[in-house]
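See below for protein.pdb, which holds PDB, C-alpha atoms.
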ATOM      1  CA  MET A   1       1.464 -30.112  11.868
ATOM      2  CA  HIS A   2       0.184 -26.883  10.401
ATOM      3  CA  LEU A   3      -0.261 -23.781  12.534
ATOM      4  CA  LYS A   4      -2.892 -21.745  10.748
ATOM      5  CA  GLY A   5      -1.868 -18.183   9.949
ATOM      6  CA  THR A   6       1.822 -18.669  10.743
ATOM      7  CA  LEU A   7       3.026 -19.110   7.151
ATOM      8  CA  PRO A   8       3.634 -15.382   6.456
ATOM      9  CA  ALA A   9       5.789 -15.075   9.591
ATOM     10  CA  LEU A  10       7.734 -18.211   8.646
ATOM     11  CA  ILE A  11       8.313 -16.816   5.154
ATOM     12  CA  LEU A  12       9.567 -13.486   6.532
ATOM     13  CA  ASN A  13      11.912 -15.320   8.866
ATOM     14  CA  THR A  14      13.240 -17.493   6.028
ATOM     15  CA  LEU A  15      13.889 -14.432   3.878
ATOM     16  CA  ALA A  16      15.826 -12.776   6.698
ATOM     17  CA  GLY A  17      18.736 -14.947   5.535
ATOM     18  CA  GLY A  18      18.700 -13.347   2.055
ATOM     19  CA  SER A  19      16.841 -13.543  -1.268
ATOM     20  CA  LYS A  20      15.295 -16.888  -2.104
ATOM     21  CA  HIS A  21      12.953 -18.401  -4.680
ATOM     22  CA  GLY A  22       9.645 -20.081  -3.830
ATOM     23  CA  TYR A  23      10.783 -23.704  -3.859
ATOM     24  CA  ARG A  24      13.783 -22.942  -1.658
ATOM     25  CA  ILE A  25      11.594 -21.076   0.850
ATOM     26  CA  ALA A  26       9.240 -24.073   1.106
ATOM     27  CA  GLN A  27      12.101 -26.523   1.596
ATOM     28  CA  GLU A  28      13.840 -24.354   4.199
ATOM     29  CA  ILE A  29      10.701 -24.010   6.302
ATOM     30  CA  LYS A  30      10.198 -27.771   6.242
ATOM     31  CA  ALA A  31      13.864 -28.515   6.912
ATOM     32  CA  LYS A  32      14.264 -25.980   9.754
ATOM     33  CA  SER A  33      11.224 -27.358  11.547
ATOM     34  CA  LYS A  34      12.643 -30.876  10.986
ATOM     35  CA  GLY A  35       9.510 -31.790   9.085
ATOM     36  CA  VAL A  36       7.176 -30.921  11.982
ATOM     37  CA  LEU A  37       5.658 -27.922  10.232
ATOM     38  CA  ASP A  38       4.117 -29.082   7.013
ATOM     39  CA  PHE A  39       2.007 -27.134   4.548
ATOM     40  CA  LYS A  40       0.766 -27.588   1.023
ATOM     41  CA  GLU A  41       3.250 -25.928  -1.298
ATOM     42  CA  GLY A  42       0.444 -24.510  -3.455
ATOM     43  CA  SER A  43      -0.495 -22.174  -0.588
ATOM     44  CA  LEU A  44       3.018 -20.715  -0.438
ATOM     45  CA  TYR A  45       2.667 -18.476  -3.493
ATOM     46  CA  PRO A  46      -0.555 -16.715  -2.475
ATOM     47  CA  ALA A  47       1.087 -16.057   0.897
ATOM     48  CA  LEU A  48       4.156 -14.634  -0.879
ATOM     49  CA  HIS A  49       1.966 -12.459  -3.060
ATOM     50  CA  GLY A  50      -0.001 -11.260  -0.032
ATOM     51  CA  LEU A  51       3.236 -10.224   1.680
ATOM     52  CA  GLU A  52       4.285  -8.478  -1.517
ATOM     53  CA  ASN A  53       0.921  -6.645  -1.690
ATOM     54  CA  ASP A  54       1.463  -5.458   1.880
ATOM     55  CA  GLY A  55       4.950  -4.229   0.985
ATOM     56  CA  PHE A  56       6.792  -6.604   3.340
ATOM     57  CA  ILE A  57       8.702  -8.323   0.550
ATOM     58  CA  GLU A  58       9.556  -7.585  -3.075
ATOM     59  CA  SER A  59      10.217  -9.885  -6.000
ATOM     60  CA  TYR A  60      12.484  -9.787  -9.007
ATOM     61  CA  ARG A  61      13.300 -12.183 -11.829
ATOM     62  CA  GLU A  62      16.780 -13.470 -12.482
ATOM     63  CA  MET A  63      18.205 -16.105 -14.813
ATOM     64  CA  PHE A  64      19.535 -19.281 -13.219
ATOM     65  CA  GLU A  65      21.118 -21.985 -15.396
ATOM     66  CA  GLY A  66      19.392 -20.534 -18.453
ATOM     67  CA  ARG A  67      15.966 -20.471 -16.782
ATOM     68  CA  PRO A  68      14.206 -17.433 -15.300
ATOM     69  CA  ARG A  69      13.446 -17.598 -11.604
ATOM     70  CA  ARG A  70      11.480 -15.279  -9.369
ATOM     71  CA  TYR A  71      13.318 -14.368  -6.203
ATOM     72  CA  TYR A  72      11.891 -12.722  -3.105
ATOM     73  CA  ARG A  73      13.612 -10.469  -0.580
ATOM     74  CA  LEU A  74      12.625  -8.547   2.533
ATOM     75  CA  THR A  75      11.946  -4.819   2.395
ATOM     76  CA  GLU A  76      12.660  -2.374   5.250
ATOM     77  CA  HIS A  77       8.985  -2.576   6.123
ATOM     78  CA  GLY A  78       9.253  -6.378   6.154
ATOM     79  CA  ILE A  79      12.232  -6.337   8.540
ATOM     80  CA  LYS A  80      10.212  -4.289  11.027
ATOM     81  CA  GLN A  81       7.227  -6.595  10.574
ATOM     82  CA  LEU A  82       9.419  -9.620  11.260
ATOM     83  CA  GLU A  83      10.645  -8.068  14.518
ATOM     84  CA  GLN A  84       7.045  -7.460  15.559
ATOM     85  CA  GLU A  85       6.031 -11.010  14.629
ATOM     86  CA  ARG A  86       8.912 -12.415  16.686
ATOM     87  CA  GLU A  87       7.963 -10.350  19.733
ATOM     88  CA  GLN A  88       4.305 -11.322  19.458
ATOM     89  CA  TRP A  89       5.196 -14.983  19.049
ATOM     90  CA  GLN A  90       7.465 -14.934  22.107
ATOM     91  CA  GLN A  91       4.717 -13.341  24.197
ATOM     92  CA  LEU A  92       2.157 -15.840  22.967
ATOM     93  CA  SER A  93       4.349 -18.902  23.414
ATOM     94  CA  SER A  94       5.471 -17.890  26.921
ATOM     95  CA  ALA A  95       1.844 -17.223  27.926
ATOM     96  CA  VAL A  96       0.730 -20.627  26.608
ATOM     97  CA  SER A  97       3.710 -22.304  28.335
ATOM     98  CA  LEU A  98       2.799 -20.660  31.629
ATOM     99  CA  ILE A  99      -0.729 -22.011  31.405
ATOM    100  CA  LEU A 100       0.204 -25.510  30.266
ATOM    101  CA  GLU A 101       3.087 -25.932  32.719
ATOM    102  CA  GLY A 102       1.006 -24.453  35.526
ATOM    103  CA  SER A 103      -1.642 -27.117  35.124
TER     104      SER A 103
ATOM    105  CA  MET B 104     -16.875 -32.476 -12.582
ATOM    106  CA  LEU B 105     -16.199 -35.635 -10.547
ATOM    107  CA  ARG B 106     -12.744 -34.348  -9.717
ATOM    108  CA  GLU B 107     -14.240 -31.088  -8.595
ATOM    109  CA  TRP B 108     -16.585 -32.903  -6.212
ATOM    110  CA  PHE B 109     -14.202 -35.476  -4.848
ATOM    111  CA  ASP B 110     -10.924 -33.549  -5.084
ATOM    112  CA  ILE B 111      -9.173 -36.483  -6.783
ATOM    113  CA  GLU B 112      -5.411 -36.192  -7.281
ATOM    114  CA  TYR B 113      -4.294 -34.404 -10.399
ATOM    115  CA  LEU B 114      -2.061 -36.121 -12.921
ATOM    116  CA  LEU B 115      -0.760 -33.168 -14.912
ATOM    117  CA  ILE B 116       0.540 -29.844 -13.691
ATOM    118  CA  ASP B 117      -1.397 -28.010 -16.402
ATOM    119  CA  ASP B 118      -4.553 -29.711 -15.158
ATOM    120  CA  TRP B 119      -3.783 -28.504 -11.625
ATOM    121  CA  LEU B 120      -3.102 -24.984 -12.894
ATOM    122  CA  ALA B 121      -6.291 -24.835 -14.966
ATOM    123  CA  VAL B 122      -8.326 -25.381 -11.803
ATOM    124  CA  ALA B 123      -6.199 -23.213  -9.504
ATOM    125  CA  THR B 124      -6.143 -20.175 -11.786
ATOM    126  CA  LYS B 125      -9.769 -20.295 -12.925
ATOM    127  CA  GLY B 126     -11.330 -16.840 -12.643
ATOM    128  CA  LEU B 127      -8.032 -14.988 -12.192
ATOM    129  CA  SER B 128      -7.198 -12.101 -14.492
ATOM    130  CA  GLU B 129      -4.973 -12.988 -17.443
ATOM    131  CA  GLU B 130      -1.973 -11.244 -15.932
ATOM    132  CA  SER B 131      -2.404 -12.962 -12.560
ATOM    133  CA  ALA B 132      -2.956 -16.375 -14.145
ATOM    134  CA  THR B 133       0.239 -15.960 -16.200
ATOM    135  CA  ARG B 134       2.265 -15.070 -13.127
ATOM    136  CA  VAL B 135       0.862 -17.970 -11.109
ATOM    137  CA  ALA B 136       1.535 -20.373 -13.995
ATOM    138  CA  GLU B 137       5.127 -19.113 -14.324
ATOM    139  CA  GLU B 138       5.847 -19.586 -10.631
ATOM    140  CA  ILE B 139       4.161 -22.953 -10.325
ATOM    141  CA  HIS B 140       6.041 -24.221 -13.407
ATOM    142  CA  GLU B 141       9.331 -23.015 -11.906
ATOM    143  CA  HIS B 142       8.432 -24.666  -8.613
ATOM    144  CA  TYR B 143       7.402 -27.847 -10.399
ATOM    145  CA  ASN B 144      10.670 -28.101 -12.341
ATOM    146  CA  GLU B 145      12.770 -27.496  -9.207
ATOM    147  CA  SER B 146      10.790 -30.012  -7.198
ATOM    148  CA  VAL B 147      10.840 -32.739  -9.873
ATOM    149  CA  ALA B 148      14.610 -32.340 -10.328
ATOM    150  CA  ALA B 149      15.183 -32.512  -6.549
ATOM    151  CA  LEU B 150      12.984 -35.593  -6.123
ATOM    152  CA  ILE B 151      14.698 -37.399  -9.013
ATOM    153  CA  ALA B 152      18.033 -36.623  -7.327
ATOM    154  CA  GLU B 153      16.590 -38.216  -4.159
ATOM    155  CA  GLY B 154      15.844 -41.411  -6.099
ATOM    156  CA  TYR B 155      12.304 -40.965  -7.405
ATOM    157  CA  ARG B 156      11.454 -42.109 -10.934
ATOM    158  CA  PRO B 157      10.475 -39.202 -13.245
ATOM    159  CA  GLY B 158       6.743 -40.095 -13.271
ATOM    160  CA  GLY B 159       6.724 -40.608  -9.508
ATOM    161  CA  ALA B 160       8.537 -37.303  -8.948
ATOM    162  CA  GLU B 161       5.897 -35.482 -10.997
ATOM    163  CA  LEU B 162       3.034 -37.058  -9.085
ATOM    164  CA  GLU B 163       4.696 -36.385  -5.739
ATOM    165  CA  THR B 164       5.226 -32.736  -6.685
ATOM    166  CA  ILE B 165       1.575 -32.293  -7.599
ATOM    167  CA  LYS B 166       0.567 -34.036  -4.372
ATOM    168  CA  ARG B 167       2.744 -31.655  -2.364
ATOM    169  CA  LEU B 168       1.113 -28.661  -4.051
ATOM    170  CA  GLY B 169      -2.141 -29.750  -2.423
ATOM    171  CA  SER B 170      -5.706 -29.249  -3.546
ATOM    172  CA  PRO B 171      -6.050 -26.889  -6.524
ATOM    173  CA  PHE B 172      -9.437 -25.799  -5.167
ATOM    174  CA  ARG B 173      -7.924 -24.655  -1.903
ATOM    175  CA  ALA B 174      -5.117 -22.960  -3.851
ATOM    176  CA  ARG B 175      -7.709 -21.244  -6.044
ATOM    177  CA  ARG B 176      -9.409 -19.828  -2.964
ATOM    178  CA  HIS B 177      -6.077 -18.427  -1.735
ATOM    179  CA  TYR B 178      -5.168 -17.081  -5.183
ATOM    180  CA  ARG B 179      -8.490 -15.287  -5.582
ATOM    181  CA  HIS B 180      -7.915 -13.702  -2.217
ATOM    182  CA  GLU B 181      -4.513 -12.297  -3.189
ATOM    183  CA  TYR B 182      -4.478 -11.826  -6.973
ATOM    184  CA  PRO B 183      -6.819  -9.665  -9.087
ATOM    185  CA  THR B 184      -9.644 -11.713 -10.603
ATOM    186  CA  CYS B 185     -11.395 -11.100 -13.938
ATOM    187  CA  ARG B 186     -14.195  -9.397 -12.002
ATOM    188  CA  ASP B 187     -11.759  -7.093 -10.181
ATOM    189  CA  MET B 188     -10.152  -6.113 -13.482
ATOM    190  CA  LYS B 189     -13.579  -5.500 -15.030
ATOM    191  CA  GLU B 190     -14.355  -3.065 -12.217
ATOM    192  CA  PHE B 191     -10.967  -1.419 -12.643
ATOM    193  CA  ASP B 192     -11.532  -1.089 -16.397
ATOM    194  CA  GLN B 193     -14.913   0.487 -15.673
ATOM    195  CA  TYR B 194     -13.122   3.011 -13.467
ATOM    196  CA  LYS B 195     -10.685   3.840 -16.284
ATOM    197  CA  THR B 196     -13.576   4.267 -18.754
ATOM    198  CA  GLU B 197     -15.346   6.599 -16.327
ATOM    199  CA  MET B 198     -12.139   8.578 -15.821
ATOM    200  CA  ASP B 199     -11.735   8.945 -19.591
ATOM    201  CA  SER B 200     -15.319  10.078 -20.117
ATOM    202  CA  VAL B 201     -15.056  12.570 -17.245
ATOM    203  CA  ARG B 202     -11.827  13.942 -18.747
ATOM    204  CA  GLU B 203     -13.708  14.403 -22.035
ATOM    205  CA  LEU B 204     -16.651  15.907 -20.186
ATOM    206  CA  GLY B 205     -14.255  18.207 -18.347
ATOM    207  CA  ASN B 206     -13.834  20.244 -21.502
ATOM    208  CA  ARG B 207     -17.520  21.060 -21.441
ATOM    209  CA  LEU B 208     -18.520  20.854 -17.804
ATOM    210  CA  HIS B 209     -16.864  22.457 -14.822
ATOM    211  CA  TRP B 210     -16.517  20.974 -11.415
ATOM    212  CA  ARG B 211     -19.195  23.175  -9.845
ATOM    213  CA  GLU B 212     -21.682  22.324 -12.570
ATOM    214  CA  THR B 213     -21.091  18.615 -12.104
ATOM    215  CA  PHE B 214     -21.511  19.000  -8.369
ATOM    216  CA  SER B 215     -24.732  20.976  -8.844
ATOM    217  CA  ILE B 216     -26.159  18.253 -11.069
ATOM    218  CA  ALA B 217     -25.332  15.685  -8.430
ATOM    219  CA  VAL B 218     -27.006  17.747  -5.680
ATOM    220  CA  ILE B 219     -30.110  18.327  -7.809
ATOM    221  CA  LEU B 220     -30.322  14.607  -8.546
ATOM    222  CA  PHE B 221     -29.923  13.784  -4.883
ATOM    223  CA  VAL B 222     -32.641  16.247  -3.849
ATOM    224  CA  ALA B 223     -34.901  14.876  -6.560
ATOM    225  CA  PHE B 224     -34.165  11.370  -5.367
ATOM    226  CA  VAL B 225     -35.066  12.207  -1.760
ATOM    227  CA  TYR B 226     -38.158  14.186  -2.782
ATOM    228  CA  PHE B 227     -39.617  11.498  -5.001
ATOM    229  CA  LEU B 228     -38.627   8.675  -2.713
ATOM    230  CA  GLU B 229     -40.688  10.219   0.047
ATOM    231  CA  GLY B 230     -43.800   9.822  -2.017
ATOM    232  CA  ALA B 231     -44.220  13.380  -3.208
ATOM    233  CA  SER B 232     -44.562  12.009  -6.694
ATOM    234  CA  GLU B 233     -45.755   8.870  -8.406
ATOM    235  CA  ALA B 234     -42.510   8.660 -10.361
ATOM    236  CA  PRO B 235     -40.813   5.270  -9.988
ATOM    237  CA  TRP B 236     -38.174   5.487  -7.233
ATOM    238  CA  ILE B 237     -35.864   3.154  -9.140
ATOM    239  CA  LEU B 238     -35.402   5.961 -11.666
ATOM    240  CA  PHE B 239     -34.037   8.218  -8.975
ATOM    241  CA  VAL B 240     -31.859   5.530  -7.440
ATOM    242  CA  SER B 241     -30.356   5.086 -10.909
ATOM    243  CA  ALA B 242     -29.937   8.841 -11.248
ATOM    244  CA  TYR B 243     -28.190   8.919  -7.894
ATOM    245  CA  ALA B 244     -25.897   6.081  -8.989
ATOM    246  CA  VAL B 245     -24.996   7.905 -12.213
ATOM    247  CA  ALA B 246     -24.424  11.198 -10.385
ATOM    248  CA  SER B 247     -22.289   9.502  -7.726
ATOM    249  CA  ASN B 248     -20.202   7.814 -10.426
ATOM    250  CA  ILE B 249     -19.629  11.159 -12.172
ATOM    251  CA  LEU B 250     -18.696  12.740  -8.868
ATOM    252  CA  ALA B 251     -16.363   9.898  -7.950
ATOM    253  CA  ALA B 252     -14.663  10.009 -11.334
ATOM    254  CA  ARG B 253     -14.371  13.795 -11.105
ATOM    255  CA  VAL B 254     -12.755  13.517  -7.671
ATOM    256  CA  ALA B 255     -10.446  10.823  -9.058
ATOM    257  CA  VAL B 256      -9.382  12.979 -12.013
ATOM    258  CA  ARG B 257      -8.539  15.830  -9.657
ATOM    259  CA  ALA B 258      -6.732  13.562  -7.191
ATOM    260  CA  SER B 259      -4.671  11.878  -9.891
ATOM    261  CA  ALA B 260      -3.583  15.127 -11.540
ATOM    262  CA  GLY B 261       0.151  15.253 -10.971
ATOM    263  CA  ARG B 262      -0.060  12.621  -8.224
ATOM    264  CA  GLY B 263      -0.462   9.429 -10.221
ATOM    265  CA  ILE B 264      -3.170   6.937 -11.037
ATOM    266  CA  ARG B 265      -2.829   5.213  -7.674
ATOM    267  CA  ARG B 266      -4.006   8.300  -5.793
ATOM    268  CA  GLY B 267      -6.805   8.733  -8.349
ATOM    269  CA  TYR B 268      -8.104   5.198  -7.899
ATOM    270  CA  GLN B 269      -7.898   5.528  -4.120
ATOM    271  CA  ALA B 270      -9.978   8.725  -4.280
ATOM    272  CA  TYR B 271     -12.469   7.041  -6.611
ATOM    273  CA  LEU B 272     -13.000   4.068  -4.296
ATOM    274  CA  CYS B 273     -13.287   6.314  -1.212
ATOM    275  CA  THR B 274     -15.830   8.626  -2.850
ATOM    276  CA  THR B 275     -17.952   5.780  -4.228
ATOM    277  CA  PHE B 276     -17.811   4.142  -0.824
ATOM    278  CA  VAL B 277     -18.911   7.289   1.061
ATOM    279  CA  LEU B 278     -21.738   7.971  -1.412
ATOM    280  CA  ASN B 279     -22.972   4.381  -1.153
ATOM    281  CA  TRP B 280     -23.002   4.618   2.630
ATOM    282  CA  LEU B 281     -24.858   7.942   2.472
ATOM    283  CA  MET B 282     -27.604   6.411   0.392
ATOM    284  CA  THR B 283     -27.773   3.366   2.679
ATOM    285  CA  ALA B 284     -27.915   5.576   5.775
ATOM    286  CA  TYR B 285     -30.739   7.535   4.223
ATOM    287  CA  PHE B 286     -32.658   4.345   3.441
ATOM    288  CA  GLY B 287     -31.972   3.108   6.952
ATOM    289  CA  LEU B 288     -33.172   6.267   8.702
ATOM    290  CA  VAL B 289     -36.248   6.909   6.608
ATOM    291  CA  TYR B 290     -37.594   3.480   5.807
ATOM    292  CA  LEU B 291     -36.247   0.921   8.192
ATOM    293  CA  PRO B 292     -37.849   2.034  11.481
ATOM    294  CA  SER B 293     -41.168   0.969  10.005
ATOM    295  CA  ALA B 294     -39.761  -2.058   8.170
ATOM    296  CA  PRO B 295     -39.154  -5.534   9.646
ATOM    297  CA  PRO B 296     -35.826  -5.705  11.614
ATOM    298  CA  ILE B 297     -34.556  -8.426   9.295
ATOM    299  CA  LEU B 298     -34.321  -5.844   6.522
ATOM    300  CA  PHE B 299     -32.027  -3.685   8.621
ATOM    301  CA  GLY B 300     -29.854  -6.719   9.343
ATOM    302  CA  LEU B 301     -29.682  -7.589   5.651
ATOM    303  CA  LEU B 302     -28.718  -4.033   4.752
ATOM    304  CA  VAL B 303     -25.921  -3.964   7.341
ATOM    305  CA  VAL B 304     -24.603  -7.337   6.145
ATOM    306  CA  LEU B 305     -24.723  -6.125   2.533
ATOM    307  CA  MET B 306     -22.816  -2.958   3.357
ATOM    308  CA  PHE B 307     -20.307  -4.909   5.447
ATOM    309  CA  PHE B 308     -19.494  -7.144   2.468
ATOM    310  CA  LEU B 309     -19.366  -4.131   0.157
ATOM    311  CA  THR B 310     -16.830  -2.504   2.484
ATOM    312  CA  LEU B 311     -14.745  -5.673   2.632
ATOM    313  CA  ARG B 312     -14.832  -5.966  -1.147
ATOM    314  CA  THR B 313     -13.739  -2.348  -1.634
ATOM    315  CA  LEU B 314     -10.794  -2.870   0.717
ATOM    316  CA  ARG B 315      -9.851  -6.145  -0.945
ATOM    317  CA  ILE B 316      -9.946  -4.693  -4.461
ATOM    318  CA  TRP B 317      -7.779  -1.791  -3.332
ATOM    319  CA  ARG B 318      -5.249  -4.181  -1.748
ATOM    320  CA  LYS B 319      -5.048  -6.290  -4.908
ATOM    321  CA  ILE B 320      -5.013  -3.527  -7.520
ATOM    322  CA  ARG B 321      -2.740  -1.063  -5.644
ATOM    323  CA  PRO B 322       0.560  -2.854  -6.424
ATOM    324  CA  MET B 323      -0.246  -2.715 -10.148
ATOM    325  CA  LEU B 324      -0.554   1.061 -10.124
ATOM    326  CA  SER B 325       2.348   3.429 -10.316
ATOM    327  CA  GLU B 326       2.613   6.203  -7.720
TER     328      GLU B 326
END
Could I get this file's structure written as structure tokens?
Amino acid sequence: MHLKGTLPALILNTLAGGSKHGYRIAQEIKAKSKGVLDFKEGSLYPALHGLENDGFIESYREMFEGRPRRYYRLTEHGIKQLEQEREQWQQLSSAVSLILEGS
Amino acid sequence: MLREWFDIEYLLIDDWLAVATKGLSEESATRVAEEIHEHYNESVAALIAEGYRPGGAELETIKRLGSPFRARRHYRHEYPTCRDMKEFDQYKTEMDSVRELGNRLHWRETFSIAVILFVAFVYFLEGASEAPWILFVSAYAVASNILAARVAVRASAGRGIRRGYQAYLCTTFVLNWLMTAYFGLVYLPSAPPILFGLLVVLMFFLTLRTLRIWRKIRPMLSE
């Protein structure tokens, strides 16, 4: 299942646990949703770059086992954005639940 | 070509990257390639640890990356393309020539030239002369570019190239809209409505493009 437009929020939420590199972010999203949320991994990096362009996350390179890796972390702006995304999602999901359960 | 039409699975990561990064600026393509190679190595190692054979792990990784055409669309949306960089380079050239011009021309003189050109453009466009209107549209474009670059030079002085580029895009944008509004008011009431629709659509896409270029180029510029 792929919920269109939710990837940036999922990335922000994953990075709330600390800095991570692209592959790890993809695996965590899949693992946390128990495989329900699936997306093509090629679309992860444009989403990361978009969040970086908007100033929600920042990246840096670090060596790991002799190989350079690009890590991403949340910025202050990104933390606030994540809070907003969570609130909006809760409102949306409770509204949809009300309608579906009501019928 | 067949792969492009039918979106057949890719066998090599470099093949996938060649399609996905087509049209991106050199810097963007390098960054994408770096990240995808890192991702690829991590994924292949993890899949081999799960029991995949090396060849199978590579194919599975490429499959999980998805269509390179879809990725290309996303990349072009977020990373500067060759065309974006060409426009940015044009801006830098204009800035340089205005700086050079600045030694000879003052702000007020530049502004006066622009106003004269605009008045001439309006005058001749209204049919007061047989002169070809395209000449005056071109003159307006040149004058607006000089003005925009002049504004950018002033805005960037002591405040960084980012502020300069922002001022340049805003000025160009306002001047383009002014010319469009003029066309709209003077000519379109008597023209077929479809023309007005086309003009609005054109300006809408121009606005979107300006905003998108700013979003993509901004992170590359220092404050």
Skipping near chain neighbours, those fewer than 2 positions away, what residues fall within 10 Å of Arg73 of chain A using all atoms listed in the file, listed as a PDB file with C-alpha atoms, in the coordinates of the input?
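Contents of around-v5.pdb, as written:
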ATOM      1  CA  LEU A  12       9.567 -13.486   6.532  1.00  0.00           C
ATOM      2  CA  THR A  14      13.240 -17.493   6.028  1.00  0.00           C
ATOM      3  CA  LEU A  15      13.889 -14.432   3.878  1.00  0.00           C
ATOM      4  CA  ALA A  16      15.826 -12.776   6.698  1.00  0.00           C
ATOM      5  CA  GLY A  17      18.736 -14.947   5.535  1.00  0.00           C
ATOM      6  CA  GLY A  18      18.700 -13.347   2.055  1.00  0.00           C
ATOM      7  CA  SER A  19      16.841 -13.543  -1.268  1.00  0.00           C
ATOM      8  CA  LYS A  20      15.295 -16.888  -2.104  1.00  0.00           C
ATOM      9  CA  HIS A  21      12.953 -18.401  -4.680  1.00  0.00           C
ATOM     10  CA  GLU A  52       4.285  -8.478  -1.517  1.00  0.00           C
ATOM     11  CA  PHE A  56       6.792  -6.604   3.340  1.00  0.00           C
ATOM     12  CA  ILE A  57       8.702  -8.323   0.550  1.00  0.00           C
ATOM     13  CA  GLU A  58       9.556  -7.585  -3.075  1.00  0.00           C
ATOM     14  CA  SER A  59      10.217  -9.885  -6.000  1.00  0.00           C
ATOM     15  CA  TYR A  60      12.484  -9.787  -9.007  1.00  0.00           C
ATOM     16  CA  TYR A  71      13.318 -14.368  -6.203  1.00  0.00           C
ATOM     17  CA  THR A  75      11.946  -4.819   2.395  1.00  0.00           C
ATOM     18  CA  GLY A  78       9.253  -6.378   6.154  1.00  0.00           C
TER      19      GLY A  78
END
* Compare B:Thr310, B:Ser146, B:Gln269, B:Thr164 by their minimum atom-to-atom distance to Arg257 of chain B, counting only C-alpha atoms, and give me the closest one. =>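 So, comparing all the options, the nearest one is B:Gln269.
Between atom CA of Val122 of chain B and atom CA of His140 of chain B the separation is 14.5 Å.
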Cut-off 10 Å: closest chain A/chain B atom pairs per residue, using only C-alpha atoms, as JSON lines:
{"residue": "A:His21", "atom": "CA", "partner": "B:His142", "partner_atom": "CA", "distance": 8.7}
{"residue": "A:Gly22", "atom": "CA", "partner": "B:His142", "partner_atom": "CA", "distance": 6.7}
{"residue": "A:Tyr23", "atom": "CA", "partner": "B:His142", "partner_atom": "CA", "distance": 5.4}
{"residue": "A:Arg24", "atom": "CA", "partner": "B:Glu145", "partner_atom": "CA", "distance": 8.9}
{"residue": "A:Ala26", "atom": "CA", "partner": "B:His142", "partner_atom": "CA", "distance": 9.8}
{"residue": "A:Gln27", "atom": "CA", "partner": "B:Ser146", "partner_atom": "CA", "distance": 9.6}
{"residue": "A:Asp38", "atom": "CA", "partner": "B:Arg167", "partner_atom": "CA", "distance": 9.8}
{"residue": "A:Phe39", "atom": "CA", "partner": "B:Arg167", "partner_atom": "CA", "distance": 8.3}
{"residue": "A:Lys40", "atom": "CA", "partner": "B:Gly169", "partner_atom": "CA", "distance": 5.0}
{"residue": "A:Glu41", "atom": "CA", "partner": "B:Leu168", "partner_atom": "CA", "distance": 4.4}
{"residue": "A:Gly42", "atom": "CA", "partner": "B:Leu168", "partner_atom": "CA", "distance": 4.2}
{"residue": "A:Ser43", "atom": "CA", "partner": "B:Ala174", "partner_atom": "CA", "distance": 5.7}
{"residue": "A:Leu44", "atom": "CA", "partner": "B:Leu168", "partner_atom": "CA", "distance": 8.9}
{"residue": "A:Tyr45", "atom": "CA", "partner": "B:Val135", "partner_atom": "CA", "distance": 7.8}
{"residue": "A:Pro46", "atom": "CA", "partner": "B:Tyr178", "partner_atom": "CA", "distance": 5.4}
{"residue": "A:Ala47", "atom": "CA", "partner": "B:Glu181", "partner_atom": "CA", "distance": 7.9}
{"residue": "A:Leu48", "atom": "CA", "partner": "B:Glu181", "partner_atom": "CA", "distance": 9.3}
{"residue": "A:His49", "atom": "CA", "partner": "B:Glu181", "partner_atom": "CA", "distance": 6.5}
{"residue": "A:Gly50", "atom": "CA", "partner": "B:Glu181", "partner_atom": "CA", "distance": 5.6}
{"residue": "A:Leu51", "atom": "CA", "partner": "B:Glu181", "partner_atom": "CA", "distance": 9.4}
{"residue": "A:Glu52", "atom": "CA", "partner": "B:Pro322", "partner_atom": "CA", "distance": 8.3}
{"residue": "A:Asn53", "atom": "CA", "partner": "B:Pro322", "partner_atom": "CA", "distance": 6.1}
{"residue": "A:Asp54", "atom": "CA", "partner": "B:Arg318", "partner_atom": "CA", "distance": 7.7}
{"residue": "A:Gly55", "atom": "CA", "partner": "B:Pro322", "partner_atom": "CA", "distance": 8.7}
{"residue": "A:Arg67", "atom": "CA", "partner": "B:Glu141", "partner_atom": "CA", "distance": 8.6}
{"residue": "A:Pro68", "atom": "CA", "partner": "B:Glu141", "partner_atom": "CA", "distance": 8.2}
{"residue": "A:Arg69", "atom": "CA", "partner": "B:Glu141", "partner_atom": "CA", "distance": 6.8}
{"residue": "A:Arg70", "atom": "CA", "partner": "B:Glu138", "partner_atom": "CA", "distance": 7.2}
* Asked: Applied to the shown file, which residues does the PyMOL selection byres ((chain B and resi 268) around 12) return, written as a PyMOL selection string?
  -> chain B and resi 190-195+197-198+251-260+262-267+269-275+313+316-318+320-326
* Structure fact -> Using all atoms listed in the file, the shortest atom-to-atom distance to Thr184 of chain B among B:Ala132, B:Leu120, B:Ala149, B:Leu302 belongs to B:Ala132
* **atom CA of Lys189 of chain B to atom CA of Arg61 of chain A, distance in Å rounded to a single decimal** =>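 These two atoms are separated by 27.9 Å.
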* Find the distance between atom CA of Ser33 of chain A and atom CA of Gly159 of chain B and write it in Å to one decimal. =>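 Between these atoms lies a distance of 25.3 Å.
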* **Residue IDs satisfying the PyMOL selection byres ((chain A and resi 5) around 12), as a ChimeraX atom specification** => /A:2-4,6-11,39,43-44,47,85,89
